[in-house]
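Student: My structure is in entry00.tsv, and what it holds is TSV, C-alpha atoms:
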```tsv
chain	number	residue	atom	x	y	z
A	233	MET	CA	67.65	101.42	126.71
A	234	ALA	CA	70.18	103.79	125.17
A	235	ARG	CA	73.54	103.86	126.92
A	236	LEU	CA	74.54	107.06	128.71
A	237	GLY	CA	77.89	108.27	127.42
A	238	PHE	CA	80.51	109.46	129.90
A	239	ALA	CA	80.43	113.08	128.75
A	240	ARG	CA	76.65	113.27	129.27
A	241	ARG	CA	76.93	111.27	132.48
A	242	LEU	CA	79.34	113.87	133.85
A	243	ALA	CA	77.14	116.74	132.72
A	244	SER	CA	74.05	115.25	134.36
A	245	SER	CA	75.65	114.15	137.64
A	246	ASP	CA	75.19	116.19	140.80
A	247	ARG	CA	78.40	114.79	142.29
A	248	CYS	CA	82.00	114.07	141.40
A	249	LEU	CA	82.31	110.66	139.69
A	250	VAL	CA	84.86	108.29	141.22
A	251	GLY	CA	86.90	105.70	139.37
A	252	THR	CA	90.23	103.92	139.48
A	253	TRP	CA	92.97	102.81	137.11
A	254	VAL	CA	93.11	99.28	135.72
A	255	LYS	CA	96.64	97.96	135.18
A	256	ILE	CA	96.26	94.20	135.69
A	257	PRO	CA	95.64	92.32	132.40
A	258	ALA	CA	92.79	90.21	133.77
A	259	LEU	CA	89.00	90.55	133.77
A	260	GLU	CA	88.37	89.54	137.38
A	261	PRO	CA	89.65	92.87	138.81
A	262	VAL	CA	87.27	94.69	136.47
A	263	GLU	CA	84.28	92.78	137.87
A	264	ILE	CA	85.50	93.32	141.43
A	265	LEU	CA	85.82	97.08	140.89
A	266	ALA	CA	82.31	97.19	139.43
A	267	ASP	CA	80.95	95.23	142.38
A	268	ALA	CA	82.73	97.59	144.78
A	269	GLY	CA	80.68	100.49	143.38
A	270	PHE	CA	83.09	102.60	141.33
A	271	ASP	CA	81.48	104.81	138.68
A	272	PHE	CA	84.12	104.18	136.04
A	273	ILE	CA	87.51	102.67	135.31
A	274	VAL	CA	90.43	104.01	133.31
A	275	ILE	CA	92.28	101.27	131.45
A	276	ASP	CA	95.89	102.40	131.50
A	277	GLN	CA	97.81	101.67	128.32
A	278	GLU	CA	100.45	104.32	129.07
A	279	HIS	CA	101.89	102.82	132.24
A	280	ALA	CA	100.80	99.17	132.04
A	281	PRO	CA	101.39	96.36	129.48
A	282	LEU	CA	97.78	96.21	128.30
A	283	THR	CA	97.01	95.16	124.73
A	284	PHE	CA	94.17	96.32	122.52
A	285	GLU	CA	92.62	92.86	122.79
A	286	PHE	CA	92.53	93.12	126.58
A	287	VAL	CA	91.10	96.64	126.43
A	288	TYR	CA	88.34	95.38	124.14
A	289	GLN	CA	87.44	92.47	126.44
A	290	ALA	CA	87.63	94.59	129.58
A	291	THR	CA	85.39	97.23	128.00
A	292	VAL	CA	82.69	94.67	127.25
A	293	VAL	CA	82.87	93.23	130.78
A	294	ALA	CA	82.98	96.62	132.51
A	295	GLN	CA	80.11	98.16	130.58
A	296	GLY	CA	78.05	95.03	131.11
A	297	ALA	CA	78.64	95.45	134.85
A	298	GLY	CA	77.55	99.10	134.79
A	299	LEU	CA	80.92	100.85	134.65
A	300	SER	CA	81.85	103.59	132.24
A	301	VAL	CA	85.16	102.88	130.52
A	302	LEU	CA	87.87	105.41	129.74
A	303	VAL	CA	91.20	104.46	128.18
A	304	ARG	CA	94.46	106.28	128.65
A	305	VAL	CA	96.24	105.66	125.36
A	306	PRO	CA	99.99	104.90	125.26
A	307	ASP	CA	100.98	108.24	123.75
A	308	ARG	CA	99.68	111.27	121.88
A	309	SER	CA	100.43	109.94	118.38
A	310	GLY	CA	96.78	109.15	117.70
A	311	SER	CA	97.48	105.74	116.19
A	312	HIS	CA	95.32	103.98	118.81
A	313	LEU	CA	92.26	106.22	118.79
A	314	GLN	CA	90.19	104.88	115.91
A	315	ARG	CA	90.18	101.25	117.06
A	316	LEU	CA	89.40	102.17	120.66
A	317	LEU	CA	86.49	104.36	119.61
A	318	ASP	CA	85.23	101.57	117.34
A	319	ALA	CA	85.43	99.26	120.36
A	320	GLY	CA	82.84	101.44	122.07
A	321	VAL	CA	84.85	102.95	124.92
A	322	ASP	CA	83.21	105.84	126.78
A	323	GLY	CA	86.14	108.18	126.62
A	324	ILE	CA	89.82	108.69	125.88
A	325	LEU	CA	92.60	110.34	127.86
A	326	VAL	CA	95.48	111.52	125.68
A	327	PRO	CA	98.65	111.84	127.78
A	328	ARG	CA	101.49	114.33	127.73
A	329	VAL	CA	99.73	117.02	125.69
A	330	THR	CA	101.97	120.09	125.76
A	331	SER	CA	100.47	122.57	123.31
A	332	VAL	CA	97.34	123.81	121.60
A	333	GLY	CA	98.44	122.17	118.37
A	334	GLU	CA	98.86	118.74	119.97
A	335	ALA	CA	95.52	119.01	121.73
A	336	SER	CA	93.74	120.08	118.55
A	337	ALA	CA	95.25	117.22	116.54
A	338	ALA	CA	94.17	114.67	119.14
A	339	VAL	CA	90.62	115.98	119.35
A	340	ARG	CA	90.18	116.07	115.57
A	341	GLN	CA	91.00	112.36	115.36
A	342	MET	CA	88.14	111.65	117.77
A	343	LEU	CA	85.50	113.73	115.97
A	344	PHE	CA	83.57	112.82	112.85
A	345	SER	CA	83.72	115.00	109.74
A	346	PRO	CA	83.29	117.90	109.19
A	347	GLY	CA	84.60	118.71	112.67
A	348	GLY	CA	87.29	116.07	112.63
A	349	ASP	CA	88.92	113.11	110.95
A	350	ARG	CA	87.41	110.06	112.70
A	351	GLY	CA	86.42	107.37	110.24
A	352	LEU	CA	82.92	105.94	109.97
A	353	GLY	CA	82.65	102.52	111.63
A	354	LEU	CA	78.95	101.70	111.71
A	355	THR	CA	79.51	97.95	111.72
A	356	SER	CA	81.87	98.06	114.72
A	357	ARG	CA	80.86	97.48	118.33
A	358	ALA	CA	80.39	101.25	118.73
A	359	GLY	CA	77.65	101.03	116.11
A	360	ARG	CA	76.19	97.82	117.57
A	361	TRP	CA	77.39	95.92	114.52
A	362	GLY	CA	75.34	98.13	112.21
A	363	ALA	CA	72.15	98.14	114.29
A	364	THR	CA	72.51	101.74	115.46
A	365	PRO	CA	71.01	104.28	113.04
A	366	ARG	CA	73.68	106.40	111.36
A	367	GLU	CA	72.40	109.65	112.86
A	368	GLU	CA	72.43	108.26	116.41
A	369	TYR	CA	75.87	106.68	115.91
A	370	LEU	CA	77.31	110.03	114.79
A	371	ARG	CA	75.53	111.97	117.53
A	372	PHE	CA	76.71	109.65	120.28
A	373	GLY	CA	80.29	109.70	119.05
A	374	ASP	CA	80.48	113.48	118.90
A	375	GLU	CA	78.29	114.41	121.88
A	376	GLU	CA	78.66	111.66	124.48
A	377	VAL	CA	82.16	110.20	124.16
A	378	MET	CA	84.63	112.10	126.33
A	379	ARG	CA	87.71	113.46	124.55
A	380	ALA	CA	90.14	114.57	127.25
A	381	VAL	CA	93.73	115.75	127.18
A	382	GLN	CA	96.18	115.37	130.03
A	383	LEU	CA	98.03	118.55	130.95
A	384	GLU	CA	101.19	117.68	132.86
A	385	GLU	CA	103.61	120.55	132.24
A	386	ARG	CA	103.63	124.18	133.28
A	387	ALA	CA	103.55	125.48	129.69
A	388	ALA	CA	100.48	123.40	128.88
A	389	ILE	CA	98.57	124.66	131.90
A	390	GLU	CA	99.58	128.23	131.15
A	391	ALA	CA	97.93	127.73	127.74
A	392	VAL	CA	94.83	126.09	129.26
A	393	ASP	CA	92.42	128.80	128.09
A	394	GLU	CA	93.40	128.27	124.45
A	395	ILE	CA	93.42	124.48	124.83
A	396	LEU	CA	89.94	124.35	126.38
A	397	ALA	CA	88.63	126.53	123.55
A	398	ILE	CA	89.35	123.77	121.00
A	399	PRO	CA	86.06	122.67	119.40
A	400	GLY	CA	85.09	119.16	120.48
A	401	LEU	CA	87.36	118.96	123.52
A	402	ASN	CA	85.07	118.01	126.41
A	403	GLY	CA	87.41	116.89	129.17
A	404	VAL	CA	90.71	117.81	130.77
A	405	PHE	CA	92.92	115.92	133.21
A	406	LEU	CA	95.61	117.29	135.50
A	407	GLY	CA	98.62	115.00	135.81
A	408	MET	CA	99.96	116.18	139.14
A	409	GLY	CA	102.81	113.68	139.33
A	410	ASP	CA	104.37	114.71	136.05
A	411	LEU	CA	103.65	118.38	136.75
A	412	GLN	CA	105.75	118.11	139.90
A	413	LEU	CA	108.44	116.21	138.01
A	414	SER	CA	108.63	118.66	135.11
A	415	SER	CA	108.56	121.75	137.32
A	416	GLY	CA	110.82	120.41	140.05
A	417	LEU	CA	108.34	121.67	142.65
A	418	PRO	CA	106.32	119.78	145.29
A	419	GLN	CA	102.54	119.72	145.12
A	420	SER	CA	102.33	122.03	148.12
A	421	ASP	CA	104.34	124.79	146.43
A	422	PRO	CA	102.24	127.95	145.89
A	423	ALA	CA	103.34	128.10	142.24
A	424	ILE	CA	101.90	124.61	141.62
A	425	GLN	CA	98.70	125.45	143.42
A	426	LYS	CA	98.36	128.61	141.35
A	427	LEU	CA	98.56	126.49	138.19
A	428	VAL	CA	95.91	124.13	139.56
A	429	ASP	CA	93.63	127.07	140.32
A	430	ARG	CA	94.18	128.36	136.81
A	431	LEU	CA	93.21	125.04	135.25
A	432	LEU	CA	90.13	124.58	137.43
A	433	GLY	CA	89.01	128.15	136.88
A	434	ALA	CA	89.32	127.87	133.10
A	435	ALA	CA	87.53	124.52	133.12
A	436	GLN	CA	84.65	125.86	135.18
A	437	LEU	CA	84.35	128.96	133.01
A	438	ARG	CA	84.08	126.89	129.82
A	439	GLY	CA	82.02	124.10	131.34
A	440	VAL	CA	84.70	121.46	130.66
A	441	PRO	CA	84.88	118.79	133.38
A	442	ALA	CA	88.30	118.52	134.99
A	443	GLY	CA	89.70	115.33	136.47
A	444	THR	CA	92.75	114.20	138.41
A	445	ALA	CA	94.20	111.18	140.19
A	446	VAL	CA	94.71	110.73	143.94
A	447	GLN	CA	95.68	107.95	146.32
A	448	THR	CA	93.02	107.99	149.06
A	449	ALA	CA	89.30	108.49	149.59
A	450	GLU	CA	90.05	111.57	151.71
A	451	GLN	CA	92.07	113.11	148.89
A	452	ALA	CA	89.26	112.30	146.46
A	453	GLN	CA	86.79	114.20	148.61
A	454	GLN	CA	89.18	117.15	148.79
A	455	ALA	CA	89.51	117.10	145.00
A	456	ALA	CA	85.73	117.05	144.60
A	457	ASP	CA	85.38	119.97	147.02
A	458	ARG	CA	87.92	121.89	144.97
A	459	GLY	CA	85.93	121.51	141.77
A	460	TYR	CA	87.10	118.35	140.03
A	461	ARG	CA	84.24	116.49	138.33
A	462	TYR	CA	85.89	113.06	138.02
A	463	VAL	CA	88.65	111.56	140.14
A	464	MET	CA	90.64	108.35	139.91
A	465	VAL	CA	91.50	106.89	143.32
A	466	SER	CA	94.52	104.57	143.48
A	467	ASN	CA	94.60	101.60	141.01
A	468	ASP	CA	93.95	97.88	141.01
A	469	THR	CA	97.58	96.91	141.69
A	470	SER	CA	97.97	99.32	144.61
A	471	LEU	CA	94.62	98.33	146.11
A	472	LEU	CA	95.64	94.67	145.94
A	473	ARG	CA	99.07	95.37	147.41
A	474	SER	CA	97.62	97.45	150.25
A	475	ALA	CA	95.09	94.78	151.19
A	476	ALA	CA	97.69	92.02	150.99
A	477	ALA	CA	100.24	93.97	153.02
A	478	SER	CA	97.62	94.75	155.66
A	479	VAL	CA	96.77	91.05	156.07
A	480	VAL	CA	100.42	90.03	156.36
A	481	ALA	CA	101.18	92.86	158.78
A	482	GLY	CA	98.25	91.81	160.93
A	483	LEU	CA	99.50	88.25	161.06
A	484	ARG	CA	103.00	89.36	161.99
A	485	GLY	CA	101.92	92.05	164.42
A	486	ARG	CA	103.51	95.04	162.72
A	487	PRO	CA	102.29	98.11	160.81
A	488	ALA	CA	101.59	97.59	157.05
```
Represent the structure contained in this file as structure tokens.

Tutor:
Amino acid sequence: MARLGFARRLASSDRCLVGTWVKIPALEPVEILADAGFDFIVIDQEHAPLTFEFVYQATVVAQGAGLSVLVRVPDRSGSHLQRLLDAGVDGILVPRVTSVGEASAAVRQMLFSPGGDRGLGLTSRAGRWGATPREEYLRFGDEEVMRAVQLEERAAIEAVDEILAIPGLNGVFLGMGDLQLSSGLPQSDPAIQKLVDRLLGAAQLRGVPAGTAVQTAEQAQQAADRGYRYVMVSNDTSLLRSAAASVVAGLRGRPA
């Protein structure tokens, strides 16, 4: 049966999809997260020491277990995109995008010609080692793989209408932590919330799914209620630490 790409999975879902970040360079956490029932994982190459080889292996394991796989690349240079797409990942998050030009350049590298500059890799895993017909391989790559940019600065969000108008861009992600850092304002500040409303409104108007990251299930539900279509909740390292700390605290009779 043909695999459902993440972009189409988002478009066809009647609920917000829930995932988490993967930062531990081991395959066991990937299987555990799949067994726990997450919809997707985001393999984090920006803030974790994860190699391409690990990403490749984790993608195979995760997809085999029913998870969609997104990868947050280390930076916005574009040097990592071709190999990750050839590996068959379901989507890419490009971090620290600050302008229309940067967003456009990133998207073009993830689209096949004539819309972009992605190279043909029919004999890669994305093409099932040459078994996928050329037309289907091209269609899947352009229509079902998610190409998302992370907007993490005020100037980028103020330009969100122009960014979301870029042909081929089919996902956006709000980096709240860096937005607070770059603006010097807390998340609760009305100016920050106005920017969030602007991003969500533009995304809804253009039919581009918006995502964000939170720490708890309650926050994830609040994000879904606000209009986010995909949300990352915590990460494998924090989930492990929280569970471990809770056990130790219980043994010692003190709060975790």

Student: By how many Å are atom CA of Arg240 of chain A and atom CA of Ala319 of chain A apart?

Tutor: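 Calculated distance between atom CA of Arg240 of chain A and atom CA of Ala319 of chain A is 18.8 Å.
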
Student: Could you pull the residues within 8 Å of segment 269-284 of chain A, counting all atoms listed in the file, minus those fewer than 5 positions along the same chain, as a VMD selection string?

Tutor: chain A and resid 249 to 257 298 to 307 316 327 464

Student: Name the closest residue to Val446 of chain A among the candidates A:Glu260, A:Gly409, A:Ser415, A:Ile395; distances are taken between atoms, counting all atoms listed in the file.

Tutor: A:Gly409

Student: Kindly indicate which residue among A:Ala358, A:Val287, A:Ala294, A:Ala387 lies nearest to Asp318 of chain A, using only C-alpha atoms for the distances.

Tutor: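 Closest to Asp318 of chain A of all the choices is A:Ala358.
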
Student: Using all atoms listed in the file, which of the listed residues (A:Phe238, A:Phe405, A:Tyr462, A:Tyr288) sits closest to Glu375 of chain A?

Tutor: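 Comparing A:Phe238, A:Phe405, A:Tyr462, A:Tyr288 against Glu375 of chain A, the winner is A:Phe238.
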
Student: Hey, can you pull every residue with an atom no more than 12 Å from (92.8, 97.2, 149.4), using all atoms listed in the file, and send it as a ChimeraX atom specification?

Tutor: /A:261,264-265,268,447-449,465-479,488

Student: Quote the spacing between atom CA of Val377 of chain A and atom CA of Thr330 of chain A in Å to one decimal place.

Tutor: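 Interatomic distance here is 22.2 Å.
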
Student: Please indicate the distance in Å from atom CA of Val339 of chain A to atom CA of Gly400 of chain A, rounded to one decimal place.

Tutor: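 Separating atom CA of Val339 of chain A from atom CA of Gly400 of chain A is a distance of 6.5 Å.
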